[in-house]
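Q: Got entry_24.cif for you, mmCIF, C-alpha atoms and all ligand atoms:
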data_coords
loop_
_atom_site.label_atom_id
_atom_site.label_comp_id
_atom_site.auth_asym_id
_atom_site.auth_seq_id
_atom_site.Cartn_x
_atom_site.Cartn_y
_atom_site.Cartn_z
CA MET A 13 43.60 -69.80 -32.64
CA GLY A 14 42.22 -69.78 -29.16
CA THR A 15 38.48 -69.73 -28.48
CA LEU A 16 39.01 -66.54 -26.50
CA ARG A 17 41.93 -64.30 -27.33
CA PHE A 18 43.19 -60.77 -26.96
CA LEU A 19 45.79 -58.54 -28.49
CA THR A 20 47.08 -55.31 -27.04
CA ALA A 21 48.56 -52.36 -28.93
CA GLY A 22 49.99 -49.04 -27.89
CA GLU A 23 53.15 -47.42 -26.59
CA SER A 24 53.89 -46.20 -23.08
CA HIS A 25 53.82 -42.54 -24.21
CA GLY A 26 51.65 -43.00 -27.29
CA LYS A 27 48.10 -41.73 -27.54
CA CYS A 28 46.45 -44.72 -25.89
CA LEU A 29 46.61 -48.41 -25.11
CA THR A 30 44.15 -50.68 -26.84
CA ALA A 31 43.06 -54.26 -26.29
CA ILE A 32 40.81 -56.24 -28.61
CA VAL A 33 39.10 -59.20 -26.94
CA GLU A 34 37.50 -61.74 -29.22
CA GLY A 35 35.46 -64.80 -28.32
CA LEU A 36 33.38 -63.67 -25.33
CA PRO A 37 29.85 -65.06 -25.56
CA ALA A 38 26.95 -62.70 -26.23
CA GLY A 39 24.89 -61.78 -23.21
CA VAL A 40 27.55 -61.03 -20.58
CA ARG A 41 26.42 -58.03 -18.53
CA ILE A 42 29.26 -55.55 -18.28
CA ASP A 43 29.81 -53.28 -15.28
CA LEU A 44 32.31 -50.72 -16.52
CA SER A 45 32.81 -49.13 -13.11
CA GLU A 46 33.76 -52.52 -11.67
CA MET A 47 36.25 -53.01 -14.51
CA ASN A 48 37.73 -49.62 -13.73
CA GLN A 49 38.32 -50.62 -10.12
CA ASP A 50 40.97 -53.03 -11.42
CA MET A 51 42.51 -50.23 -13.47
CA VAL A 52 42.81 -48.16 -10.29
CA ARG A 53 44.23 -51.12 -8.34
CA ARG A 54 46.93 -51.62 -10.99
CA GLN A 55 48.05 -48.03 -10.56
CA GLN A 56 48.30 -48.26 -6.79
CA GLY A 57 51.15 -49.39 -4.62
CA TYR A 58 53.73 -47.88 -2.35
CA GLY A 59 56.84 -47.32 -4.43
CA ARG A 60 55.16 -46.51 -7.75
CA GLY A 61 56.79 -43.79 -9.83
CA GLY A 62 55.79 -40.30 -10.97
CA ARG A 63 53.86 -41.58 -13.97
CA MET A 64 51.11 -42.91 -11.75
CA LYS A 65 50.49 -39.37 -10.50
CA ILE A 66 49.89 -38.24 -14.08
CA GLU A 67 47.59 -41.04 -15.20
CA ALA A 68 44.07 -41.91 -14.05
CA ASP A 69 43.61 -45.07 -16.11
CA CYS A 70 40.04 -45.49 -17.24
CA VAL A 71 38.67 -48.00 -19.76
CA GLU A 72 36.49 -46.88 -22.62
CA ILE A 73 34.65 -49.58 -24.58
CA LEU A 74 34.62 -48.81 -28.30
CA SER A 75 32.87 -51.90 -29.68
CA GLY A 76 31.21 -55.22 -28.89
CA VAL A 77 29.02 -54.06 -26.00
CA ARG A 78 25.53 -52.64 -26.45
CA PHE A 79 23.19 -51.47 -23.69
CA GLY A 80 25.50 -53.01 -21.10
CA GLU A 81 25.74 -56.50 -22.67
CA THR A 82 28.27 -58.16 -24.93
CA THR A 83 26.93 -58.90 -28.41
CA GLY A 84 29.47 -61.59 -29.32
CA ALA A 85 31.44 -59.15 -31.49
CA PRO A 86 35.08 -58.28 -30.67
CA VAL A 87 35.29 -55.89 -27.74
CA THR A 88 37.68 -52.97 -28.18
CA LEU A 89 39.01 -51.49 -24.96
CA CYS A 90 40.85 -48.19 -24.91
CA ILE A 91 42.87 -46.51 -22.15
CA LYS A 92 44.10 -43.00 -22.91
CA ASN A 93 47.62 -41.98 -21.93
CA LYS A 94 47.33 -38.56 -20.34
CA ASP A 95 51.12 -38.21 -20.59
CA TRP A 96 50.80 -38.30 -24.39
CA GLU A 97 50.28 -34.55 -24.37
CA ASN A 98 53.90 -34.18 -23.23
CA TRP A 99 55.19 -36.53 -25.93
CA THR A 100 53.36 -35.47 -29.11
CA GLU A 101 56.60 -34.52 -30.91
CA ARG A 102 58.82 -37.31 -29.61
CA MET A 103 56.14 -39.93 -30.31
CA SER A 104 54.75 -38.41 -33.50
CA VAL A 105 53.43 -40.81 -36.13
CA GLU A 106 54.52 -38.47 -38.93
CA GLY A 107 57.43 -36.08 -39.42
CA GLY A 108 61.12 -36.27 -38.57
CA PRO A 109 63.04 -37.33 -35.47
CA ALA A 110 62.51 -35.24 -32.33
CA GLY A 111 64.13 -35.47 -28.94
CA GLU A 112 67.41 -37.02 -27.99
CA LEU A 113 68.26 -40.58 -28.97
CA VAL A 114 68.32 -43.00 -26.06
CA THR A 115 71.55 -44.98 -26.45
CA ALA A 116 72.50 -46.18 -22.94
CA ALA A 117 70.95 -49.64 -22.67
CA ARG A 118 69.60 -50.78 -19.29
CA PRO A 119 70.80 -54.19 -18.10
CA GLY A 120 67.72 -56.31 -17.47
CA HIS A 121 65.48 -54.47 -19.95
CA ALA A 122 64.67 -55.24 -23.60
CA ASP A 123 66.87 -52.32 -24.77
CA LEU A 124 70.05 -54.01 -26.04
CA THR A 125 68.60 -57.07 -27.75
CA GLY A 126 65.58 -55.13 -28.99
CA ILE A 127 67.73 -52.59 -30.83
CA LYS A 128 69.67 -55.36 -32.57
CA LYS A 129 66.67 -57.51 -33.38
CA TYR A 130 64.59 -54.68 -34.88
CA ALA A 131 67.52 -52.75 -36.40
CA ARG A 132 66.67 -49.48 -34.59
CA LYS A 133 69.01 -46.64 -33.59
CA ASP A 134 66.92 -45.20 -30.79
CA ILE A 135 66.26 -47.36 -27.73
CA ARG A 136 63.02 -45.44 -27.34
CA ASP A 137 61.62 -47.51 -30.24
CA ILE A 138 62.11 -50.55 -28.00
CA LEU A 139 61.31 -49.30 -24.52
CA GLU A 140 58.04 -47.69 -25.49
CA ARG A 141 56.51 -51.07 -26.24
CA ALA A 142 58.55 -53.18 -23.80
CA SER A 143 57.38 -50.93 -20.94
CA ALA A 144 55.10 -52.48 -18.37
CA ARG A 145 52.63 -49.73 -19.17
CA GLU A 146 51.28 -52.30 -21.67
CA THR A 147 49.84 -54.18 -18.70
CA ALA A 148 47.08 -51.55 -18.46
CA GLY A 149 45.69 -53.15 -21.65
CA ARG A 150 45.99 -56.61 -20.12
CA VAL A 151 44.20 -55.58 -16.94
CA ALA A 152 41.36 -54.15 -19.04
CA ALA A 153 41.08 -57.44 -20.99
CA GLY A 154 41.30 -59.41 -17.74
CA ALA A 155 38.64 -57.24 -16.12
CA LEU A 156 36.34 -58.16 -19.00
CA ALA A 157 37.14 -61.85 -18.47
CA LYS A 158 36.36 -61.38 -14.76
CA GLN A 159 32.92 -60.02 -15.66
CA PHE A 160 32.29 -63.23 -17.58
CA LEU A 161 33.67 -65.45 -14.80
CA LYS A 162 31.49 -63.68 -12.25
CA VAL A 163 28.33 -64.74 -14.12
CA CYS A 164 29.76 -68.29 -14.03
CA GLY A 165 30.26 -68.04 -10.23
CA MET A 166 34.05 -67.87 -10.45
CA THR A 167 36.40 -65.36 -8.77
CA VAL A 168 40.09 -64.49 -9.11
CA VAL A 169 41.92 -62.65 -6.30
CA SER A 170 45.54 -62.03 -5.38
CA GLN A 171 47.88 -60.95 -2.66
CA VAL A 172 51.51 -59.88 -2.41
CA ILE A 173 53.44 -62.24 -0.14
CA ASN A 174 57.03 -61.00 -0.43
CA ILE A 175 58.74 -57.73 -1.31
CA GLY A 176 62.51 -57.48 -1.32
CA GLY A 177 62.79 -60.53 0.95
CA VAL A 178 60.15 -59.38 3.48
CA HIS A 179 57.68 -62.29 3.62
CA ILE A 180 54.17 -62.40 5.09
CA ALA A 181 53.48 -64.63 8.08
CA ALA A 182 52.67 -68.08 6.69
CA ALA A 183 49.03 -68.11 7.79
CA GLU A 184 48.07 -64.85 6.11
CA THR A 185 46.29 -65.41 2.82
CA ALA A 186 43.86 -63.55 0.63
CA ARG A 187 41.30 -66.34 0.77
CA GLY A 188 39.05 -64.67 3.30
CA GLN A 189 39.68 -61.14 2.08
CA ILE A 190 37.50 -60.86 -1.00
CA GLY A 191 35.59 -57.63 -0.98
CA ARG A 192 37.58 -56.14 1.89
CA THR A 193 39.28 -52.79 1.55
CA LEU A 194 42.54 -53.24 -0.25
CA SER A 195 45.84 -52.50 1.33
CA GLU A 196 48.15 -50.24 -0.63
CA LEU A 197 50.55 -53.10 -1.40
CA ASN A 198 47.78 -55.71 -1.85
CA CYS A 199 49.17 -57.48 1.21
CA TYR A 200 46.86 -58.72 3.95
CA ASP A 201 49.48 -59.06 6.67
CA ALA A 202 49.58 -55.53 8.08
CA ALA A 203 52.78 -56.09 10.07
CA ALA A 204 54.63 -57.47 7.02
CA GLU A 205 53.25 -54.68 4.84
CA GLU A 206 54.72 -52.08 7.17
CA LYS A 207 58.13 -53.78 6.90
CA MET A 208 57.74 -53.87 3.12
CA ARG A 209 57.14 -50.12 3.08
CA VAL A 210 60.29 -49.53 5.12
CA LYS A 211 62.22 -51.73 2.69
CA ILE A 212 60.83 -49.84 -0.32
CA ARG A 213 61.59 -46.48 1.30
CA SER A 214 65.23 -47.37 1.88
CA ALA A 215 65.57 -48.83 -1.64
CA LYS A 216 64.27 -45.52 -2.99
CA ALA A 217 66.72 -43.56 -0.87
CA GLU A 218 69.53 -45.64 -2.34
CA GLY A 219 68.32 -45.24 -5.93
CA ASP A 220 67.55 -48.95 -6.03
CA THR A 221 64.51 -51.09 -6.93
CA LEU A 222 62.82 -54.17 -5.45
CA GLY A 223 61.03 -57.26 -6.73
CA GLY A 224 58.88 -59.77 -4.92
CA ILE A 225 56.33 -62.56 -5.03
CA PHE A 226 52.55 -62.50 -5.47
CA GLU A 227 49.94 -65.20 -5.21
CA VAL A 228 46.79 -65.59 -7.30
CA PHE A 229 43.79 -67.65 -6.19
CA ALA A 230 40.90 -68.75 -8.39
CA GLN A 231 37.75 -69.87 -6.62
CA GLY A 232 34.59 -71.60 -7.80
CA ILE A 233 36.41 -73.30 -10.68
CA PRO A 234 34.71 -76.58 -11.62
CA ALA A 235 36.73 -79.76 -12.06
CA GLY A 236 37.67 -80.55 -15.65
CA LEU A 237 38.99 -77.33 -17.22
CA GLY A 238 42.03 -78.02 -19.40
CA SER A 239 43.14 -81.51 -20.35
CA TYR A 240 45.91 -84.08 -20.05
CA ILE A 241 45.21 -85.09 -23.67
CA GLN A 242 47.79 -82.77 -25.24
CA TRP A 243 50.64 -80.57 -23.91
CA ASP A 244 49.13 -77.29 -25.01
CA ARG A 245 45.75 -78.07 -23.47
CA ARG A 246 47.13 -78.50 -19.95
CA LEU A 247 45.63 -75.82 -17.71
CA ASP A 248 48.77 -75.57 -15.56
CA ALA A 249 50.94 -74.95 -18.63
CA ARG A 250 48.56 -72.29 -19.92
CA LEU A 251 48.31 -70.50 -16.58
CA ALA A 252 52.07 -70.65 -16.02
CA GLY A 253 52.73 -69.32 -19.52
CA ALA A 254 50.25 -66.49 -19.03
CA LEU A 255 51.85 -65.42 -15.73
CA MET A 256 55.35 -65.79 -17.15
CA SER A 257 54.37 -63.50 -20.02
CA ILE A 258 54.00 -60.57 -17.62
CA GLN A 259 56.91 -58.12 -17.83
CA ALA A 260 59.67 -58.85 -15.25
CA ILE A 261 58.26 -62.22 -14.11
CA LYS A 262 61.05 -64.78 -13.75
CA GLY A 263 59.42 -67.74 -12.03
CA VAL A 264 55.98 -69.30 -11.59
CA GLU A 265 54.80 -72.12 -9.36
CA ILE A 266 51.52 -73.91 -8.79
CA GLY A 267 50.38 -75.15 -5.39
CA GLU A 268 53.34 -76.58 -3.47
CA GLY A 269 55.54 -75.63 -6.46
CA PHE A 270 59.27 -75.77 -5.70
CA GLY A 271 58.39 -76.92 -2.19
CA TYR A 272 57.66 -80.38 -3.65
CA ALA A 273 61.40 -80.98 -3.84
CA ALA A 274 61.51 -81.40 -0.06
CA LEU A 275 58.38 -83.55 0.35
CA PRO A 276 58.14 -87.34 0.11
CA GLY A 277 55.24 -88.69 -1.96
CA SER A 278 53.41 -89.69 1.20
CA LEU A 279 53.12 -86.00 2.19
CA ALA A 280 52.98 -84.42 -1.24
CA HIS A 281 49.58 -85.52 -2.48
CA ASP A 282 46.06 -84.61 -1.49
CA GLU A 283 44.39 -87.72 -0.11
CA MET A 284 40.77 -88.38 -0.97
CA PHE A 285 37.92 -88.91 1.49
CA TYR A 286 34.22 -89.43 1.05
CA ASP A 287 31.07 -88.39 2.82
CA ALA A 288 27.51 -88.02 1.57
CA GLU A 289 27.54 -84.21 1.89
CA HIS A 290 30.90 -83.46 0.29
CA ARG A 291 31.19 -86.62 -1.81
CA VAL A 292 34.87 -87.05 -2.67
CA TYR A 293 36.76 -84.34 -0.81
CA ARG A 294 40.33 -83.37 0.17
CA LYS A 295 41.80 -82.05 3.39
CA THR A 296 44.85 -80.50 1.71
CA ASN A 297 45.57 -78.67 -1.55
CA HIS A 298 49.24 -79.25 -2.34
CA ALA A 299 48.32 -79.58 -6.02
CA GLY A 300 47.04 -75.99 -6.10
CA GLY A 301 43.77 -77.10 -7.68
CA ILE A 302 45.28 -78.77 -10.73
CA GLU A 303 45.94 -82.48 -11.30
CA GLY A 304 46.71 -84.07 -14.65
CA GLY A 305 46.66 -80.68 -16.38
CA MET A 306 43.00 -80.20 -15.33
CA SER A 307 41.32 -78.17 -12.62
CA ASN A 308 40.23 -80.62 -9.91
CA GLY A 309 37.58 -78.44 -8.29
CA GLU A 310 39.81 -77.16 -5.47
CA GLU A 311 41.01 -73.58 -5.23
CA ILE A 312 43.64 -72.82 -7.88
CA VAL A 313 46.79 -71.41 -6.27
CA LEU A 314 49.50 -69.77 -8.38
CA ARG A 315 52.61 -67.87 -7.40
CA ALA A 316 54.95 -65.68 -9.47
CA VAL A 317 58.19 -63.87 -8.74
CA MET A 318 58.97 -60.46 -10.20
CA LYS A 319 62.55 -59.30 -10.59
CA PRO A 320 63.46 -55.79 -9.43
CA ILE A 321 62.63 -53.18 -12.10
CA PRO A 322 65.74 -52.59 -14.26
CA THR A 323 65.46 -48.80 -14.40
CA LEU A 324 67.59 -47.66 -11.49
CA MET A 325 68.02 -44.09 -10.31
CA LYS A 326 71.56 -45.12 -9.36
CA PRO A 327 72.20 -46.64 -12.78
CA LEU A 328 74.20 -49.78 -13.53
CA HIS A 329 77.25 -49.98 -15.76
CA SER A 330 76.42 -50.27 -19.41
CA VAL A 331 77.68 -49.54 -22.92
CA ASP A 332 76.56 -46.82 -25.32
CA ILE A 333 75.09 -48.68 -28.29
CA GLN A 334 76.48 -46.12 -30.78
CA SER A 335 79.93 -45.20 -29.46
CA HIS A 336 80.50 -48.43 -27.52
CA GLU A 337 81.88 -46.31 -24.68
CA ALA A 338 81.34 -47.28 -21.09
CA VAL A 339 78.35 -45.33 -19.75
CA LEU A 340 75.76 -45.54 -17.01
CA ALA A 341 72.39 -46.98 -18.06
CA CYS A 342 69.66 -44.51 -18.98
CA LYS A 343 67.32 -43.26 -16.28
CA GLU A 344 63.73 -43.32 -17.47
CA ARG A 345 61.44 -42.18 -14.67
CA SER A 346 60.31 -45.41 -13.09
CA ASP A 347 58.92 -47.26 -10.08
CA VAL A 348 60.93 -48.42 -7.07
CA CYS A 349 58.62 -51.41 -6.72
CA ALA A 350 55.63 -52.55 -8.76
CA VAL A 351 54.90 -56.00 -7.30
CA SER A 352 51.40 -54.98 -6.18
CA ALA A 353 50.66 -53.78 -9.72
CA ALA A 354 51.99 -57.08 -11.08
CA SER A 355 49.64 -58.97 -8.74
CA VAL A 356 46.66 -57.24 -10.37
CA VAL A 357 48.07 -58.10 -13.80
CA GLY A 358 48.47 -61.69 -12.55
CA GLU A 359 44.78 -61.76 -11.69
CA ALA A 360 43.95 -60.46 -15.15
CA MET A 361 46.04 -63.07 -16.98
CA THR A 362 44.68 -65.87 -14.75
CA ALA A 363 41.10 -64.71 -15.31
CA PHE A 364 41.66 -64.63 -19.05
CA VAL A 365 43.08 -68.15 -19.27
CA LEU A 366 40.29 -69.53 -17.06
CA ALA A 367 37.63 -67.73 -19.10
CA GLU A 368 39.07 -69.27 -22.24
CA ALA A 369 39.05 -72.75 -20.67
CA VAL A 370 35.42 -72.30 -19.57
CA ILE A 371 34.34 -71.19 -23.04
CA GLU A 372 36.27 -74.06 -24.62
CA LYS A 373 34.44 -76.55 -22.41
CA PHE A 374 30.93 -75.14 -22.40
CA GLY A 375 30.65 -73.32 -25.74
CA GLY A 376 31.08 -69.65 -26.49
CA ASP A 377 28.28 -68.16 -28.61
CA ALA A 378 25.55 -67.30 -26.14
CA MET A 379 25.74 -66.98 -22.37
CA THR A 380 22.41 -68.81 -21.87
CA ASP A 381 23.69 -71.88 -23.74
CA LEU A 382 26.97 -71.79 -21.86
CA LEU A 383 25.27 -71.59 -18.46
CA ALA A 384 22.85 -74.40 -19.37
CA GLY A 385 25.78 -76.57 -20.47
CA MET A 386 27.67 -75.84 -17.29
CA LYS A 387 24.63 -76.60 -15.14
CA SER A 388 24.06 -80.03 -16.68
CA TYR A 389 27.79 -80.80 -16.46
CA LYS A 390 27.83 -79.91 -12.76
CA GLU A 391 24.72 -82.04 -12.19
CA ARG A 392 26.50 -85.01 -13.70
CA VAL A 393 29.84 -84.42 -12.00
CA TYR A 394 28.75 -83.17 -8.58
CA GLY A 395 25.15 -84.33 -8.51
CA GLU A 396 24.12 -80.67 -7.95
C1 LIG A 401 54.12 -48.03 -16.09
C2 LIG A 401 54.38 -46.84 -16.71
C3 LIG A 401 55.76 -46.44 -16.95
C4 LIG A 401 56.65 -46.89 -15.80
C5 LIG A 401 56.56 -48.39 -15.59
C6 LIG A 401 55.18 -48.93 -15.64
O1 LIG A 401 55.70 -45.06 -17.07
P1 LIG A 401 56.95 -44.11 -17.49
O2 LIG A 401 57.85 -44.92 -18.39
O3 LIG A 401 56.33 -42.92 -18.15
O4 LIG A 401 57.57 -43.76 -16.18
O5 LIG A 401 56.24 -46.25 -14.59
O6 LIG A 401 57.32 -49.02 -16.56
C7 LIG A 401 58.42 -49.74 -16.22
C8 LIG A 401 58.71 -50.02 -14.99
C9 LIG A 401 59.29 -50.19 -17.29
O7 LIG A 401 60.32 -50.82 -16.97
O8 LIG A 401 59.01 -49.91 -18.43
C10 LIG A 401 52.74 -48.47 -15.85
O9 LIG A 401 51.75 -47.84 -16.31
O10 LIG A 401 52.56 -49.49 -15.15
#
Any chance you could give the structure as structure tokens?

A:
Amino acid sequence: MGTLRFLTAGESHGKCLTAIVEGLPAGVRIDLSEMNQDMVRRQQGYGRGGRMKIEADCVEILSGVRFGETTGAPVTLCIKNKDWENWTERMSVEGGPAGELVTAARPGHADLTGIKKYARKDIRDILERASARETAGRVAAGALAKQFLKVCGMTVVSQVINIGGVHIAAAETARGQIGRTLSELNCYDAAAEEKMRVKIRSAKAEGDTLGGIFEVFAQGIPAGLGSYIQWDRRLDARLAGALMSIQAIKGVEIGEGFGYAALPGSLAHDEMFYDAEHRVYRKTNHAGGIEGGMSNGEEIVLRAVMKPIPTLMKPLHSVDIQSHEAVLACKERSDVCAVSAASVVGEAMTAFVLAEAVIEKFGGDAMTDLLAGMKSYKERVYGE
């Protein structure tokens, strides 16, 4: 049982998506409109599908917040699915089957294994929950974690660095971009973003889809979150697991990541220097802010790769799960590219893991106690 945890529930075309967040201290001021900005950001992105034109995701808080502050009780977050109105019969809780069975499994999706594992006849029973629509619940939970981190002086931001092989120029990063107007693809290299759009447009024309890479940065994180003491307390493992848990993510790296393979030890590590103002400081951040499974006080840098969405308008070869005949995979309406949406989900998952690590270290009942604990810790560690 984690000190801070959340569960989501809900189907893509069910009535709503719900997240229950438990373990946030009492006394966190909640700005709902700020939380909803993340909901809007998750819906954006060049190459998103028709569903995003139907929905206007908006979080409603059903419990755990009173007069704009958390009370320490579980917080229930609810996002209504507007599309539900078109699915009341096919997604009905009661009554008999309605609508056609989905039987043409999509390679790359949960369809085939899901139907076997859960002994279902209709792939819809699988895809409704496996759909990345679930990430709306995660972004809501992450937005709540961000509200908590903000009070602690910590920020999580992201940027898309690659779509379909189009990479940003190396120097372009989100570091200096906090608070600036967002680009549609959450990419801060305008020239690369234009090329990404072209790539997405031609993928769409060909009935294809595209994946890509996003980066998440966490700033203001004190040294000492997580621990080397036990495998499951390592902050890098927890962050990597959280990013890897996002639908369609196939790889995660921290700091230099896979680039370490090409570096000798003499160039791979972040040498230490000292001066009275900065105390011990670094000139590089190959480690991505984590050494020994603990945050080291530098910016945390994470990267994740998303595979192309498996629902193709020019469908792949598949097999009908009932007749076993060769068919083309089913064509649910879908996105051509959702990497920018995934980057917002990446922020949410990162924020959640960091919030949990902060609460674990400084105590989680009341915000005043937590902030006092953090202040005295920083005084000892940084002499602040
Ligand atoms: C999504 C909603 C879904 C898809 C997408 C993500 O809506 P619908 O299934 O009604 O088109 O657009 O889901 C997938 C890509 C997937 O593979 O399931 C959302 O809200 O992000």

Q: I need the residue nearest ligand LIG 401 (chain A) from this list: A:Leu328, A:Val151, A:Val77, A:Ile180. Use only C-alpha atoms and all ligand atoms for the distance.

A: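 Closest candidate: A:Val151.
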
Q: When you look at Ala110 of chain A with a cut-off of 12 Å (counting only C-alpha atoms), what residues show up, excluding the ones that are within fewer than 2 positions of it in the same chain? I need them as a PyMOL selection string.

A: chain A and resi 99-108+112-114+134+136

Q: Using atom CA of Phe160 of chain A and atom CA of Arg78 of chain A as the two end points, give the distance in Å to one decimal.

A: 15.4 Å

Q: Of the candidates A:Lys343, A:Arg53, A:His25, A:Arg145, which one gets nearest to ligand LIG 401 (chain A) if we count all atoms listed in the file?

A: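 The answer is A:Arg145, which sits nearest to ligand LIG 401 (chain A).
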
Q: Which residues are near Ile333 of chain A? Cut-off 9 Å, all atoms listed in the file, ignore same chain within fewer than 5 positions. Put them as a list in words.

A: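 Counting all atoms listed in the file, the residues come to Thr115, Ala116, Ala117, Leu124, Ile127, Lys133 and Ile135 of chain A.
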
Q: Could the centre and edge lengths of an axis-aligned box, enclosing all atoms of ligand LIG 401 (chain A) in the file with 4 Å extra on each side, be given in Å to one decimal as AutoDock Vina command-line options?

A:
--center_x 56.0 --center_y -46.9 --center_z -16.5 --size_x 16.6 --size_y 15.9 --size_z 11.8

Q: List all protein, DNA and RNA residues that have at least one atom no more than 6 Å from any atom of ligand LIG 401 (chain A), counting only C-alpha atoms and all ligand atoms, and write them as a list in words.

A: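 Protein and nucleic-acid residues within 6 Å of ligand LIG 401 (chain A): Gly61, Arg63, Ser143, Ala144, Arg145, Ile321, Arg345, Ser346 and Asp347 of chain A.
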
Q: With distances taken over only C-alpha atoms, which of A:Ala68, A:Ala254, A:Val331, A:Ala288 is nearest to Leu314 of chain A?

A: A:Ala254

Q: In Å, rounded to a single decimal, give me how far atom CA of Glu97 of chain A is from atom CA of Ile66 of chain A.

A: 10.9 Å

Q: Every residue with an atom at most 9 Å from (33.4, -59.2, -14.3) (file coordinates; only C-alpha atoms) is what I'm after, so could you write them as an MDAnalysis selection string?

A: chainID A and resid 40:44 46:47 154:163 167

Q: Please list as a ChimeraX atom specification every residue within 12 Å of Ile371 of chain A, counting only C-alpha atoms and excluding residues in the same chain fewer than 4 positions away.

A: /A:14-17,34-38,157,160-161,164,237-238,364-367,375-379,381-383,385-386

Q: Output the selection as a PDB file, keeping the file's coordinate frame - C-alpha atoms for each residue.

A:
ATOM      1  CA  GLY A  14      42.220 -69.780 -29.160  1.00  0.00           C
ATOM      2  CA  THR A  15      38.480 -69.730 -28.480  1.00  0.00           C
ATOM      3  CA  LEU A  16      39.010 -66.540 -26.500  1.00  0.00           C
ATOM      4  CA  ARG A  17      41.930 -64.300 -27.330  1.00  0.00           C
ATOM      5  CA  GLU A  34      37.500 -61.740 -29.220  1.00  0.00           C
ATOM      6  CA  GLY A  35      35.460 -64.800 -28.320  1.00  0.00           C
ATOM      7  CA  LEU A  36      33.380 -63.670 -25.330  1.00  0.00           C
ATOM      8  CA  PRO A  37      29.850 -65.060 -25.560  1.00  0.00           C
ATOM      9  CA  ALA A  38      26.950 -62.700 -26.230  1.00  0.00           C
ATOM     10  CA  ALA A 157      37.140 -61.850 -18.470  1.00  0.00           C
ATOM     11  CA  PHE A 160      32.290 -63.230 -17.580  1.00  0.00           C
ATOM     12  CA  LEU A 161      33.670 -65.450 -14.800  1.00  0.00           C
ATOM     13  CA  CYS A 164      29.760 -68.290 -14.030  1.00  0.00           C
ATOM     14  CA  LEU A 237      38.990 -77.330 -17.220  1.00  0.00           C
ATOM     15  CA  GLY A 238      42.030 -78.020 -19.400  1.00  0.00           C
ATOM     16  CA  PHE A 364      41.660 -64.630 -19.050  1.00  0.00           C
ATOM     17  CA  VAL A 365      43.080 -68.150 -19.270  1.00  0.00           C
ATOM     18  CA  LEU A 366      40.290 -69.530 -17.060  1.00  0.00           C
ATOM     19  CA  ALA A 367      37.630 -67.730 -19.100  1.00  0.00           C
ATOM     20  CA  GLY A 375      30.650 -73.320 -25.740  1.00  0.00           C
ATOM     21  CA  GLY A 376      31.080 -69.650 -26.490  1.00  0.00           C
ATOM     22  CA  ASP A 377      28.280 -68.160 -28.610  1.00  0.00           C
ATOM     23  CA  ALA A 378      25.550 -67.300 -26.140  1.00  0.00           C
ATOM     24  CA  MET A 379      25.740 -66.980 -22.370  1.00  0.00           C
ATOM     25  CA  ASP A 381      23.690 -71.880 -23.740  1.00  0.00           C
ATOM     26  CA  LEU A 382      26.970 -71.790 -21.860  1.00  0.00           C
ATOM     27  CA  LEU A 383      25.270 -71.590 -18.460  1.00  0.00           C
ATOM     28  CA  GLY A 385      25.780 -76.570 -20.470  1.00  0.00           C
ATOM     29  CA  MET A 386      27.670 -75.840 -17.290  1.00  0.00           C
TER      30      MET A 386
END

Q: If you measure from atom CA of Gln231 of chain A to atom CA of Ile312 of chain A, what distance in Å do you get, rounded to one decimal?

A: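 Here the two named atoms are 6.7 Å from each other.
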
Q: Counting only C-alpha atoms, find residues at most 12 Å from (43.8, -80.8, -9.2) (file frame) and give them as a compact mmCIF listing (two decimals) with C-alpha atoms, keeping the file's coordinate frame.

A:
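Output saved as point.txt:
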# COMPACT_ATOMS: atom_id res chain seq x y z
CA ILE A 233 36.41 -73.30 -10.68
CA PRO A 234 34.71 -76.58 -11.62
CA ALA A 235 36.73 -79.76 -12.06
CA GLY A 236 37.67 -80.55 -15.65
CA LEU A 237 38.99 -77.33 -17.22
CA GLY A 238 42.03 -78.02 -19.40
CA SER A 239 43.14 -81.51 -20.35
CA TYR A 240 45.91 -84.08 -20.05
CA ARG A 246 47.13 -78.50 -19.95
CA LEU A 247 45.63 -75.82 -17.71
CA ASP A 248 48.77 -75.57 -15.56
CA ILE A 266 51.52 -73.91 -8.79
CA GLY A 267 50.38 -75.15 -5.39
CA GLU A 268 53.34 -76.58 -3.47
CA HIS A 281 49.58 -85.52 -2.48
CA ASP A 282 46.06 -84.61 -1.49
CA GLU A 283 44.39 -87.72 -0.11
CA MET A 284 40.77 -88.38 -0.97
CA TYR A 293 36.76 -84.34 -0.81
CA ARG A 294 40.33 -83.37 0.17
CA THR A 296 44.85 -80.50 1.71
CA ASN A 297 45.57 -78.67 -1.55
CA HIS A 298 49.24 -79.25 -2.34
CA ALA A 299 48.32 -79.58 -6.02
CA GLY A 300 47.04 -75.99 -6.10
CA GLY A 301 43.77 -77.10 -7.68
CA ILE A 302 45.28 -78.77 -10.73
CA GLU A 303 45.94 -82.48 -11.30
CA GLY A 304 46.71 -84.07 -14.65
CA GLY A 305 46.66 -80.68 -16.38
CA MET A 306 43.00 -80.20 -15.33
CA SER A 307 41.32 -78.17 -12.62
CA ASN A 308 40.23 -80.62 -9.91
CA GLY A 309 37.58 -78.44 -8.29
CA GLU A 310 39.81 -77.16 -5.47
CA GLU A 311 41.01 -73.58 -5.23
CA ILE A 312 43.64 -72.82 -7.88
CA VAL A 313 46.79 -71.41 -6.27

Q: Can you pull out the residues contacting Val210 of chain A? Cut-off 12 Å, using all atoms listed in the file, and skip same-chain residues under 2 positions away; I want them as a PyMOL selection string.

A: chain A and resi 58-59+175-176+178+203-208+212-217+222
